[in-house]
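So this block is start11.txt, compact mmCIF, C-alpha atoms:
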# COMPACT_ATOMS: atom_id res chain seq x y z
CA MET A 111 -157.85 -53.86 -86.49
CA LYS A 112 -158.30 -57.05 -88.46
CA VAL A 113 -157.88 -60.28 -86.51
CA ASN A 114 -155.35 -62.55 -88.21
CA TYR A 115 -154.66 -64.93 -85.36
CA VAL A 116 -156.73 -66.50 -82.63
CA THR A 117 -155.09 -68.12 -79.61
CA ILE A 118 -157.19 -70.45 -77.51
CA SER A 119 -156.10 -71.27 -73.99
CA ARG A 120 -158.33 -73.75 -72.21
CA GLU A 121 -159.08 -75.68 -69.10
CA TYR A 122 -158.62 -79.42 -69.49
CA GLY A 123 -161.90 -81.01 -70.62
CA SER A 124 -163.57 -77.70 -71.52
CA GLY A 125 -163.68 -78.46 -75.24
CA GLY A 126 -161.25 -75.67 -76.12
CA ARG A 127 -159.48 -77.79 -78.69
CA GLU A 128 -162.77 -78.71 -80.38
CA ILE A 129 -163.78 -75.04 -80.42
CA GLY A 130 -160.45 -74.15 -82.03
CA LYS A 131 -160.88 -76.80 -84.69
CA LYS A 132 -164.47 -75.81 -85.53
CA LEU A 133 -163.55 -72.14 -85.57
CA SER A 134 -160.66 -72.71 -87.97
CA GLU A 135 -162.95 -74.69 -90.30
CA LYS A 136 -165.49 -71.87 -90.24
CA LEU A 137 -162.79 -69.28 -90.91
CA GLY A 138 -161.06 -71.43 -93.53
CA ILE A 139 -157.65 -71.13 -91.85
CA PRO A 140 -155.45 -73.78 -90.20
CA CYS A 141 -155.69 -74.76 -86.55
CA TYR A 142 -152.33 -75.62 -85.01
CA ASP A 143 -152.24 -77.98 -82.12
CA LYS A 144 -150.52 -81.29 -82.77
CA GLU A 145 -148.53 -79.72 -85.63
CA ILE A 146 -146.68 -77.66 -83.03
CA ILE A 147 -145.85 -80.83 -81.12
CA GLU A 148 -144.65 -82.67 -84.24
CA GLU A 149 -142.52 -79.80 -85.45
CA THR A 150 -141.02 -79.16 -82.02
CA ALA A 151 -140.24 -82.87 -81.65
CA PHE A 152 -138.51 -82.76 -85.04
CA LYS A 153 -136.51 -79.65 -84.14
CA THR A 154 -135.42 -80.81 -80.71
CA GLY A 155 -135.10 -84.54 -81.26
CA PHE A 156 -137.35 -85.15 -78.24
CA ALA A 157 -140.11 -87.75 -78.50
CA GLU A 158 -143.53 -86.36 -79.45
CA GLU A 159 -145.06 -87.70 -76.23
CA TYR A 160 -142.43 -85.82 -74.21
CA VAL A 161 -143.07 -82.60 -76.15
CA LYS A 162 -146.84 -83.01 -75.79
CA LYS A 163 -146.66 -83.17 -72.03
CA GLN A 164 -143.60 -81.10 -71.23
CA GLY A 165 -144.45 -78.36 -73.70
CA GLU A 166 -147.30 -77.27 -71.53
CA TYR A 167 -146.37 -78.57 -68.10
CA ALA A 168 -142.63 -78.12 -68.30
CA ASN A 169 -142.07 -76.57 -64.93
CA ALA A 170 -144.78 -77.96 -62.77
CA ARG A 171 -142.23 -79.07 -60.22
CA ASN A 172 -141.06 -77.58 -57.00
CA TRP A 173 -138.32 -75.00 -57.19
CA LEU A 174 -135.83 -77.18 -55.35
CA GLU A 175 -136.11 -80.03 -57.82
CA TYR A 176 -135.92 -77.46 -60.59
CA SER A 177 -132.77 -75.86 -59.21
CA PHE A 178 -130.96 -79.17 -59.56
CA SER A 179 -132.38 -80.11 -62.96
CA SER A 180 -129.89 -81.09 -65.60
CA ARG A 181 -128.44 -78.56 -68.07
CA ASN A 182 -127.70 -79.35 -71.69
CA SER A 183 -124.95 -77.96 -73.90
CA TYR A 184 -126.95 -74.74 -74.41
CA GLY A 185 -126.73 -74.07 -70.67
CA MET A 186 -130.47 -74.57 -70.43
CA SER A 187 -132.59 -77.18 -68.73
CA PRO A 188 -134.30 -79.50 -71.25
CA GLU A 189 -137.59 -77.78 -70.41
CA ASP A 190 -136.25 -74.31 -71.17
CA TYR A 191 -134.73 -75.58 -74.40
CA LEU A 192 -138.09 -77.11 -75.33
CA TRP A 193 -139.82 -73.80 -74.53
CA ALA A 194 -137.39 -71.86 -76.75
CA LYS A 195 -137.80 -74.27 -79.64
CA GLN A 196 -141.57 -74.44 -79.29
CA ARG A 197 -141.63 -70.65 -79.37
CA GLU A 198 -139.64 -70.68 -82.61
CA VAL A 199 -142.07 -73.19 -84.13
CA ILE A 200 -145.05 -71.00 -83.23
CA LEU A 201 -143.42 -67.86 -84.64
CA ASP A 202 -142.59 -69.74 -87.86
CA LEU A 203 -146.15 -71.01 -88.22
CA VAL A 204 -147.47 -67.49 -87.73
CA LYS A 205 -145.33 -66.31 -90.64
CA LYS A 206 -147.29 -68.63 -92.93
CA GLY A 207 -150.46 -66.58 -92.42
CA PRO A 208 -153.67 -66.38 -90.37
CA CYS A 209 -154.35 -69.33 -88.05
CA VAL A 210 -155.85 -70.57 -84.81
CA ILE A 211 -153.39 -71.81 -82.16
CA VAL A 212 -154.51 -73.97 -79.25
CA GLY A 213 -152.57 -73.77 -75.99
CA ARG A 214 -148.78 -73.59 -75.68
CA CYS A 215 -148.75 -70.04 -74.21
CA ALA A 216 -149.24 -68.71 -77.75
CA ASP A 217 -151.11 -65.68 -76.35
CA TYR A 218 -147.96 -64.66 -74.52
CA ILE A 219 -145.59 -65.53 -77.37
CA LEU A 220 -147.60 -63.29 -79.72
CA ARG A 221 -148.21 -60.54 -77.15
CA ASP A 222 -146.56 -57.78 -79.19
CA ARG A 223 -148.95 -58.20 -82.13
CA THR A 224 -152.19 -56.24 -82.20
CA ASP A 225 -153.93 -58.55 -84.71
CA VAL A 226 -154.28 -61.44 -82.27
CA LEU A 227 -157.50 -62.31 -80.48
CA ASN A 228 -156.77 -64.10 -77.21
CA VAL A 229 -159.47 -66.39 -75.89
CA PHE A 230 -159.71 -68.54 -72.76
CA ILE A 231 -162.23 -71.38 -72.52
CA HIS A 232 -163.31 -72.81 -69.20
CA ALA A 233 -166.19 -74.95 -67.96
CA ASP A 234 -167.65 -76.15 -64.70
CA TYR A 235 -166.30 -79.30 -63.10
CA LYS A 236 -169.34 -81.49 -63.88
CA TYR A 237 -169.21 -80.65 -67.57
CA ARG A 238 -165.48 -81.30 -67.82
CA ARG A 239 -165.74 -84.57 -65.92
CA HIS A 240 -168.51 -85.65 -68.26
CA ARG A 241 -166.43 -84.81 -71.30
CA ILE A 242 -163.30 -86.62 -70.23
CA THR A 243 -164.93 -89.74 -68.82
CA ASP A 244 -167.98 -90.19 -71.08
CA ILE A 245 -166.89 -88.66 -74.36
CA TYR A 246 -163.18 -89.43 -74.64
CA LYS A 247 -163.56 -92.83 -72.94
CA ASP A 248 -159.82 -93.00 -73.03
CA PRO A 249 -157.91 -94.50 -70.10
CA GLU A 250 -155.46 -91.64 -70.55
CA HIS A 251 -158.19 -89.22 -69.47
CA THR A 252 -159.17 -89.63 -65.84
CA GLU A 253 -160.90 -87.53 -63.26
CA LYS A 254 -157.66 -87.16 -61.33
CA MET A 255 -156.12 -85.53 -64.38
CA LEU A 256 -158.81 -82.84 -64.33
CA ASN A 257 -157.14 -81.16 -61.40
CA ASP A 258 -153.58 -82.17 -62.11
CA ILE A 259 -153.31 -80.96 -65.68
CA ASP A 260 -154.73 -77.52 -65.04
CA LYS A 261 -152.52 -77.06 -62.00
CA LYS A 262 -149.52 -77.88 -64.17
CA ARG A 263 -150.65 -75.62 -67.01
CA LYS A 264 -151.15 -72.81 -64.54
CA PHE A 265 -147.71 -73.28 -63.05
CA ASN A 266 -146.03 -73.55 -66.44
CA TYR A 267 -147.79 -70.45 -67.75
CA LYS A 268 -146.82 -68.44 -64.70
CA TYR A 269 -143.22 -69.66 -64.90
CA TYR A 270 -142.69 -68.60 -68.50
CA THR A 271 -144.97 -65.59 -68.78
CA GLU A 272 -145.14 -64.16 -65.26
CA GLN A 273 -148.84 -63.82 -65.88
CA GLU A 274 -151.77 -65.60 -64.36
CA TRP A 275 -153.35 -68.37 -66.40
CA GLY A 276 -157.13 -67.96 -66.64
CA LYS A 277 -157.16 -64.41 -65.24
CA SER A 278 -159.73 -62.58 -67.35
CA GLN A 279 -157.56 -59.48 -67.78
CA ASN A 280 -155.03 -61.52 -69.80
CA TYR A 281 -157.55 -62.31 -72.53
CA ASP A 282 -159.82 -60.36 -74.86
CA LEU A 283 -162.60 -62.85 -74.36
CA THR A 284 -163.19 -65.67 -71.90
CA LEU A 285 -166.09 -68.06 -72.32
CA SER A 286 -167.70 -70.77 -70.23
CA SER A 287 -168.34 -73.63 -72.64
CA SER A 288 -170.59 -75.36 -70.11
CA ALA A 289 -172.86 -72.30 -69.90
CA LEU A 290 -172.75 -71.25 -73.54
CA GLY A 291 -172.28 -74.55 -75.37
CA LEU A 292 -169.45 -75.29 -77.80
CA ASP A 293 -171.26 -74.07 -80.91
CA GLN A 294 -172.17 -70.73 -79.35
CA CYS A 295 -168.53 -70.30 -78.28
CA VAL A 296 -167.43 -70.88 -81.88
CA ASP A 297 -170.01 -68.39 -83.15
CA LEU A 298 -169.04 -65.72 -80.63
CA ILE A 299 -165.33 -65.94 -81.46
CA TYR A 300 -166.12 -66.07 -85.18
CA GLY A 301 -168.23 -62.92 -84.80
CA VAL A 302 -165.36 -61.04 -83.17
CA VAL A 303 -162.91 -62.15 -85.88
CA GLU A 304 -165.35 -60.91 -88.54
CA LYS A 305 -166.00 -57.61 -86.78
CA GLY A 306 -162.39 -56.95 -85.74
CA LEU A 307 -160.74 -55.33 -82.74
CA GLU A 308 -160.55 -51.69 -81.73
CA ARG A 309 -156.95 -51.72 -80.57
CA MET B 1246 -182.21 -71.96 -70.66
CA LYS B 1247 -183.63 -68.50 -71.23
CA VAL B 1248 -181.59 -65.63 -69.81
CA ASN B 1249 -183.76 -63.41 -67.62
CA TYR B 1250 -181.04 -61.55 -65.79
CA VAL B 1251 -177.65 -60.17 -66.71
CA THR B 1252 -175.16 -59.16 -64.04
CA ILE B 1253 -172.28 -56.95 -65.08
CA SER B 1254 -169.21 -56.73 -62.88
CA ARG B 1255 -166.58 -54.32 -64.11
CA GLU B 1256 -163.21 -52.75 -63.65
CA TYR B 1257 -163.33 -49.06 -62.81
CA GLY B 1258 -163.22 -47.01 -66.03
CA SER B 1259 -163.89 -49.99 -68.33
CA GLY B 1260 -167.30 -48.70 -69.43
CA GLY B 1261 -169.17 -51.58 -67.79
CA ARG B 1262 -171.94 -49.30 -66.59
CA GLU B 1263 -172.42 -47.83 -70.08
CA ILE B 1264 -172.50 -51.33 -71.54
CA GLY B 1265 -175.15 -52.34 -68.99
CA LYS B 1266 -177.26 -49.31 -69.83
CA LYS B 1267 -177.04 -49.80 -73.60
CA LEU B 1268 -177.74 -53.51 -73.25
CA SER B 1269 -180.85 -52.90 -71.17
CA GLU B 1270 -182.14 -50.41 -73.74
CA LYS B 1271 -181.57 -52.94 -76.51
CA LEU B 1272 -183.30 -55.66 -74.51
CA GLY B 1273 -186.10 -53.36 -73.36
CA ILE B 1274 -185.60 -54.24 -69.69
CA PRO B 1275 -184.48 -52.07 -66.75
CA CYS B 1276 -180.85 -51.59 -65.75
CA TYR B 1277 -180.36 -51.29 -62.01
CA ASP B 1278 -177.42 -49.38 -60.72
CA LYS B 1279 -178.24 -46.21 -58.83
CA GLU B 1280 -181.72 -47.55 -58.03
CA ILE B 1281 -180.06 -50.12 -55.79
CA ILE B 1282 -178.19 -47.35 -53.99
CA GLU B 1283 -181.32 -45.23 -53.54
CA GLU B 1284 -183.42 -48.10 -52.28
CA THR B 1285 -180.70 -49.36 -49.95
CA ALA B 1286 -180.23 -45.85 -48.57
CA PHE B 1287 -183.98 -45.65 -47.96
CA LYS B 1288 -184.08 -49.05 -46.24
CA THR B 1289 -181.06 -48.48 -44.02
CA GLY B 1290 -181.29 -44.77 -43.37
CA PHE B 1291 -177.68 -44.36 -44.52
CA ALA B 1292 -176.79 -41.47 -46.85
CA GLU B 1293 -176.76 -42.37 -50.57
CA GLU B 1294 -173.11 -41.37 -50.84
CA TYR B 1295 -172.22 -43.75 -48.03
CA VAL B 1296 -174.17 -46.60 -49.65
CA LYS B 1297 -172.61 -45.85 -53.04
CA LYS B 1298 -169.10 -46.23 -51.74
CA GLN B 1299 -169.50 -48.71 -48.89
CA GLY B 1300 -171.86 -50.97 -50.81
CA GLU B 1301 -169.01 -52.06 -53.02
CA TYR B 1302 -165.96 -51.35 -50.94
CA ALA B 1303 -167.33 -52.12 -47.50
CA ASN B 1304 -164.50 -54.22 -46.18
CA ALA B 1305 -161.44 -52.88 -47.86
CA ARG B 1306 -159.73 -52.54 -44.52
CA ASN B 1307 -157.28 -54.66 -42.66
CA TRP B 1308 -158.66 -57.44 -40.53
CA LEU B 1309 -157.48 -55.87 -37.28
CA GLU B 1310 -159.34 -52.66 -37.87
CA TYR B 1311 -162.30 -54.75 -38.91
CA SER B 1312 -162.23 -56.87 -35.78
CA PHE B 1313 -162.72 -53.76 -33.68
CA SER B 1314 -165.34 -52.12 -35.91
CA SER B 1315 -168.51 -50.98 -34.24
CA ARG B 1316 -171.53 -53.22 -33.98
CA ASN B 1317 -175.10 -52.01 -34.22
CA SER B 1318 -178.21 -53.33 -32.51
CA TYR B 1319 -178.38 -56.20 -34.99
CA GLY B 1320 -175.00 -57.43 -33.78
CA MET B 1321 -173.54 -56.58 -37.16
CA SER B 1322 -171.00 -54.04 -38.31
CA PRO B 1323 -172.60 -51.21 -40.35
CA GLU B 1324 -170.95 -52.70 -43.42
CA ASP B 1325 -172.44 -56.15 -42.88
CA TYR B 1326 -175.83 -54.59 -42.23
CA LEU B 1327 -175.51 -52.63 -45.47
CA TRP B 1328 -174.54 -55.80 -47.33
CA ALA B 1329 -177.58 -57.67 -45.97
CA LYS B 1330 -179.98 -54.85 -46.88
CA GLN B 1331 -178.44 -54.34 -50.31
CA ARG B 1332 -178.85 -58.07 -50.93
CA GLU B 1333 -182.54 -57.78 -49.98
CA VAL B 1334 -182.97 -54.85 -52.38
CA ILE B 1335 -181.42 -56.83 -55.24
CA LEU B 1336 -183.58 -59.90 -54.55
CA ASP B 1337 -186.70 -57.67 -54.46
CA LEU B 1338 -185.79 -56.01 -57.77
CA VAL B 1339 -185.28 -59.41 -59.36
CA LYS B 1340 -188.82 -60.39 -58.35
CA LYS B 1341 -190.14 -57.58 -60.57
CA GLY B 1342 -188.84 -59.36 -63.70
CA PRO B 1343 -185.92 -59.50 -66.14
CA CYS B 1344 -183.24 -56.86 -65.68
CA VAL B 1345 -179.58 -55.93 -65.95
CA ILE B 1346 -177.73 -55.33 -62.68
CA VAL B 1347 -174.40 -53.49 -62.59
CA GLY B 1348 -171.95 -54.35 -59.80
CA ARG B 1349 -172.88 -54.94 -56.16
CA CYS B 1350 -171.84 -58.64 -56.19
CA ALA B 1351 -175.16 -59.43 -57.89
CA ASP B 1352 -173.57 -62.41 -59.66
CA TYR B 1353 -172.93 -63.99 -56.27
CA ILE B 1354 -176.26 -62.98 -54.77
CA LEU B 1355 -178.10 -64.66 -57.68
CA ARG B 1356 -175.76 -67.66 -57.86
CA ASP B 1357 -178.49 -70.26 -57.28
CA ARG B 1358 -180.46 -69.19 -60.36
CA THR B 1359 -179.70 -70.78 -63.72
CA ASP B 1360 -181.31 -67.99 -65.78
CA VAL B 1361 -178.60 -65.44 -64.98
CA LEU B 1362 -175.81 -64.51 -67.39
CA ASN B 1363 -172.77 -63.29 -65.47
CA VAL B 1364 -170.44 -60.93 -67.33
CA PHE B 1365 -167.19 -59.23 -66.32
CA ILE B 1366 -165.90 -56.20 -68.24
CA HIS B 1367 -162.27 -55.14 -68.06
CA ALA B 1368 -159.99 -52.92 -70.12
CA ASP B 1369 -156.33 -52.05 -70.35
CA TYR B 1370 -154.94 -49.30 -68.18
CA LYS B 1371 -154.50 -46.74 -70.96
CA TYR B 1372 -158.12 -47.05 -72.06
CA ARG B 1373 -159.45 -46.75 -68.53
CA ARG B 1374 -157.24 -43.77 -67.75
CA HIS B 1375 -158.48 -42.09 -70.91
CA ARG B 1376 -162.08 -42.73 -69.96
CA ILE B 1377 -161.86 -41.41 -66.43
CA THR B 1378 -159.71 -38.36 -67.11
CA ASP B 1379 -160.85 -37.30 -70.59
CA ILE B 1380 -164.44 -38.46 -70.75
CA TYR B 1381 -165.79 -38.05 -67.23
CA LYS B 1382 -163.73 -34.90 -66.59
CA ASP B 1383 -164.96 -35.10 -63.07
CA PRO B 1384 -162.65 -34.23 -60.17
CA GLU B 1385 -164.14 -37.24 -58.41
CA HIS B 1386 -162.49 -39.49 -61.00
CA THR B 1387 -158.72 -39.48 -60.80
CA GLU B 1388 -155.95 -41.75 -61.95
CA LYS B 1389 -155.18 -42.70 -58.37
CA MET B 1390 -158.70 -44.02 -58.05
CA LEU B 1391 -158.09 -46.41 -60.94
CA ASN B 1392 -156.00 -48.63 -58.75
CA ASP B 1393 -157.67 -47.90 -55.46
CA ILE B 1394 -161.24 -48.62 -56.43
CA ASP B 1395 -160.55 -51.96 -58.06
CA LYS B 1396 -158.42 -53.06 -55.13
CA LYS B 1397 -161.32 -52.24 -52.84
CA ARG B 1398 -163.87 -53.96 -55.06
CA LYS B 1399 -161.68 -57.02 -55.19
CA PHE B 1400 -161.29 -57.12 -51.44
CA ASN B 1401 -164.99 -56.55 -50.82
CA TYR B 1402 -165.99 -59.25 -53.31
CA LYS B 1403 -163.63 -61.76 -51.74
CA TYR B 1404 -164.82 -60.89 -48.24
CA TYR B 1405 -168.49 -61.47 -48.97
CA THR B 1406 -168.36 -64.17 -51.61
CA GLU B 1407 -165.12 -66.06 -50.90
CA GLN B 1408 -164.58 -65.93 -54.65
CA GLU B 1409 -162.05 -64.08 -56.71
CA TRP B 1410 -163.20 -60.91 -58.45
CA GLY B 1411 -162.29 -60.91 -62.14
CA LYS B 1412 -161.32 -64.59 -62.25
CA SER B 1413 -162.69 -65.84 -65.55
CA GLN B 1414 -164.09 -69.05 -64.08
CA ASN B 1415 -166.56 -67.03 -61.99
CA TYR B 1416 -168.28 -65.61 -65.07
CA ASP B 1417 -169.98 -66.98 -68.18
CA LEU B 1418 -168.38 -64.32 -70.31
CA THR B 1419 -165.59 -61.81 -69.75
CA LEU B 1420 -164.84 -59.10 -72.28
CA SER B 1421 -162.09 -56.56 -72.80
CA SER B 1422 -163.87 -53.35 -73.72
CA SER B 1423 -160.59 -51.76 -74.87
CA ALA B 1424 -160.01 -54.57 -77.38
CA LEU B 1425 -163.60 -55.12 -78.50
CA GLY B 1426 -165.14 -51.67 -78.13
CA LEU B 1427 -168.23 -50.88 -76.08
CA ASP B 1428 -170.73 -51.48 -78.88
CA GLN B 1429 -169.31 -54.89 -79.75
CA CYS B 1430 -169.48 -55.83 -76.05
CA VAL B 1431 -173.16 -54.86 -76.00
CA ASP B 1432 -173.82 -56.89 -79.16
CA LEU B 1433 -172.00 -59.96 -77.86
CA ILE B 1434 -173.92 -60.01 -74.58
CA TYR B 1435 -177.18 -59.28 -76.41
CA GLY B 1436 -176.48 -62.23 -78.72
CA VAL B 1437 -176.03 -64.59 -75.78
CA VAL B 1438 -179.23 -63.36 -74.13
CA GLU B 1439 -181.12 -63.96 -77.39
CA LYS B 1440 -179.60 -67.39 -77.93
CA GLY B 1441 -179.81 -68.56 -74.31
CA LEU B 1442 -177.64 -70.74 -72.08
CA GLU B 1443 -177.11 -74.48 -72.11
CA ARG B 1444 -177.12 -75.00 -68.36
How does the structure come out when it is put into C-alpha cells?
Amino acid sequence: MKVNYVTISREYGSGGREIGKKLSEKLGIPCYDKEIIEETAFKTGFAEEYVKKQGEYANARNWLEYSFSSRNSYGMSPEDYLWAKQREVILDLVKKGPCVIVGRCADYILRDRTDVLNVFIHADYKYRRHRITDIYKDPEHTEKMLNDIDKKRKFNYKYYTEQEWGKSQNYDLTLSSSALGLDQCVDLIYGVVEKGLER
Amino acid sequence: MKVNYVTISREYGSGGREIGKKLSEKLGIPCYDKEIIEETAFKTGFAEEYVKKQGEYANARNWLEYSFSSRNSYGMSPEDYLWAKQREVILDLVKKGPCVIVGRCADYILRDRTDVLNVFIHADYKYRRHRITDIYKDPEHTEKMLNDIDKKRKFNYKYYTEQEWGKSQNYDLTLSSSALGLDQCVDLIYGVVEKGLER
C-alpha cells in the first residue's frame, strides 16, 4: 500500500516538528502544523494562541473542573467544539492530497485509512532540555514545560482517542531522535514512504 | 557511535525472532535466542523447558503467591536465581563480540552500554493470530497464548526492570511488522546499524 499521509506525534523538544518539515521537503508535499491552527482559529473564531494550546491540551484538567465547564450553543464545551472543528480542518486538508501532519491527534483522526504512516518521535530528557533551552532560547520554552506539556498531550490524547499516547503499538514506527539523530529519523521515515506498507 | 549489539524485544507472534535471525545473517554476527536458554539451563541445572518459559515469564503471578514462594540456598526464589544466571549468560555472550539478542530483557541488562540498539517489534492482532495458527501450526501455539504470553512478558519485564514493556520511550526504534513487513523491518534495523547512533 502506497503511503499518502504521514502523521508525526512527538514529545515536546524531541524535534518532531523539524523532522516533519524536513520530511515534507524531501517528499515534495506540504507539512501541516500551524496551518491547522490558523484554519481552526478562522473556523471557530477563537484566537490562534488559544487554538495552539487548547487544540492539543484541551482536557488536561481534572474531571471535576471539567464536569462544570461551560457549554456553548452546540451543547459542547469550548474544548470539544474546538476538537470537532480541528478534526474537520484536518479532514479537509487531507482531501487536498498527500501531506505530513504534525500532532493534533491526526493519527487517530485518520485511523480508518490504510495509506497513513503513523510515527511517534521521542528523545531522552537531556536532549530535549538542550533543545528547548539552548536552541529555541525562547522564554516561552522552559524546562518546567518539558514535563507539563507532555503530560497535557498525553491526557488530551487519551481523552479524545481512548488510546495511550506514546504506546508503541499505536504507531507503525517510533523513533528516538536523541539516539538516531534528526536526519536519520527523516531518512528512515522517507524510506518507509518510498517502500510502502504491507497492510 | 557504532552499534555492536542489537536487542530485539517482541510481541508474541509478531515475527521478532525471525527478524532477529535474518538481521544477524545480514550483519554476519550471531543471533542469540535458544543459546541463552541452553546455557542458562546448563548453569542452573534447570530443564531447558523450564528456563524457556520461566526466563521470560518468571514473575507473572500475584504478589501474595510470590511472597510465599520457596527460597533456595542462595536466599532467592528459583525465579530470581534464574534471572541472575540468565543475566550472567547474556553478559558472557556479549563479551564474545557483536551479536543480536532476542528477548530476555537484554535491553535492560545492557542498559549502561551506548553501543546497543534497542528495538521492539509489535504487530496487530490479526497478523499475529495468522502467524501463530497458520504458519507455526504447532499445538503449542494457540490464540489464547497470544494474550497470555504478552501479559506475562509485560509483568516479568516490569518486575525486573521497573520499566514498561513496549513503551516506545524505552527503545530506540519500535516497528509494526504487520504494517511494514518482516523484510522491511530487517532492512530498517540494518540501516541503523550501518549508519550508527548519535549518543
Could you give me, as CSV, every segment 184-281 of chain A residue with an atom at most 9 Å from segment 288-308 of chain A, plus its closest atom pair and distance in Å to one decimal, counting all atoms listed in the file, rows ordered by chain then number?
residue,atom,partner,partner_atom,distance
A:Thr224,CA,A:Leu307,CA,8.6
A:Asp225,CA,A:Leu307,CA,7.8
A:Val226,CA,A:Leu307,CA,8.9
A:Leu227,CA,A:Val303,CA,7.6
A:Val229,CA,A:Ile299,CA,8.1
A:Ile231,CA,A:Cys295,CA,8.6
A:His232,CA,A:Ser288,CA,7.8
A:Ala233,CA,A:Ser288,CA,4.9
A:Asp234,CA,A:Ser288,CA,6.2
A:Lys236,CA,A:Ser288,CA,8.8
A:Tyr237,CA,A:Ser288,CA,6.0
A:Arg238,CA,A:Ser288,CA,8.2
Of B:Leu1418, B:Lys1397, B:Asn1363, B:Leu1391, the one nearest to Val1345 of chain B when counting only C-alpha atoms is B:Asn1363
Which neighbours of Ile1377 of chain B fall inside 8 Å, counting only C-alpha atoms, when residues of the same chain fewer than 3 positions from it are skipped, and could you give them as a compact mmCIF listing (two decimals) with C-alpha atoms, in the coordinates of the input?
# COMPACT_ATOMS: atom_id res chain seq x y z
CA GLY B 1258 -163.22 -47.01 -66.03
CA ARG B 1373 -159.45 -46.75 -68.53
CA ARG B 1374 -157.24 -43.77 -67.75
CA ILE B 1380 -164.44 -38.46 -70.75
CA TYR B 1381 -165.79 -38.05 -67.23
CA LYS B 1382 -163.73 -34.90 -66.59
CA ASP B 1383 -164.96 -35.10 -63.07
CA HIS B 1386 -162.49 -39.49 -61.00
CA THR B 1387 -158.72 -39.48 -60.80
CA GLU B 1388 -155.95 -41.75 -61.95
Handout entry: 12 Å contact set for Lys206 of chain A, all atoms listed in the file, chain neighbours under 5 positions out, as a list in words
Key =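 The neighbour list is Asn114, Tyr115, Ile139, Pro140, Tyr142, Val199, Ile200 and Leu201 of chain A.
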Problem set entry | All residues 12 Å or closer to Leu1327 of chain B, all atoms listed in the file, same chain fewer than 3 positions away omitted, as number ranges by chain | B: 1281-1282, 1284-1293, 1295-1304, 1317, 1319, 1321-1324, 1330-1334, 1349, 1405
Can you list, as a list of chain:residue names, every protein, DNA or RNA residue that comes within 7 Å of Ser1413 of chain B when you count all atoms listed in the file, leaving out same-chain residues fewer than 4 positions away?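 Surrounding residues, per the criterion: A:Gly276, A:Lys277, A:Ser278, A:Thr284, B:Thr1419.
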Take the selection from the previous step and output its residues with C-alpha atoms, as a PDB file, in the frame of the given file.
ATOM      1  CA  GLY A 276    -157.130 -67.960 -66.640  1.00  0.00           C
ATOM      2  CA  LYS A 277    -157.160 -64.410 -65.240  1.00  0.00           C
ATOM      3  CA  SER A 278    -159.730 -62.580 -67.350  1.00  0.00           C
ATOM      4  CA  THR A 284    -163.190 -65.670 -71.900  1.00  0.00           C
TER       5      THR A 284
ATOM      6  CA  THR B1419    -165.590 -61.810 -69.750  1.00  0.00           C
TER       7      THR B1419
END
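Nearest to chain B of all the residues A:Phe230, A:Tyr191, A:Arg241, A:Gly138 is A:Phe230, based on all atoms listed in the file.
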Review point. Smallest atom-to-atom distance to chain A: which of B:Tyr1370, B:Phe1400, B:Trp1328, B:Tyr1353, using all atoms listed in the file?
Key: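 Checking each candidate against chain A, we get B:Tyr1370 as the closest.
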Practice problem: Would you work out the distance separating atom CA of Arg127 of chain A from atom CA of Cys141 of chain A, expressed in Å to one decimal? | Solution: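 Atom CA of Cys141 of chain A lies 9.2 Å from atom CA of Arg127 of chain A.
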May I ask which of the residues B:Val1339, B:Glu1294, B:Glu1256, B:Glu1270 is the closest one to chain A, counting only C-alpha atoms?
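Among the listed residues, the smallest separation from chain A belongs to B:Glu1256.
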Go through A:Ile259, A:Ile211, A:Leu285, A:Leu133 and flag the residue nearest chain B, using all atoms listed in the file for the distances.
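Nearest candidate to chain B out of A:Ile259, A:Ile211, A:Leu285, A:Leu133: A:Leu285.
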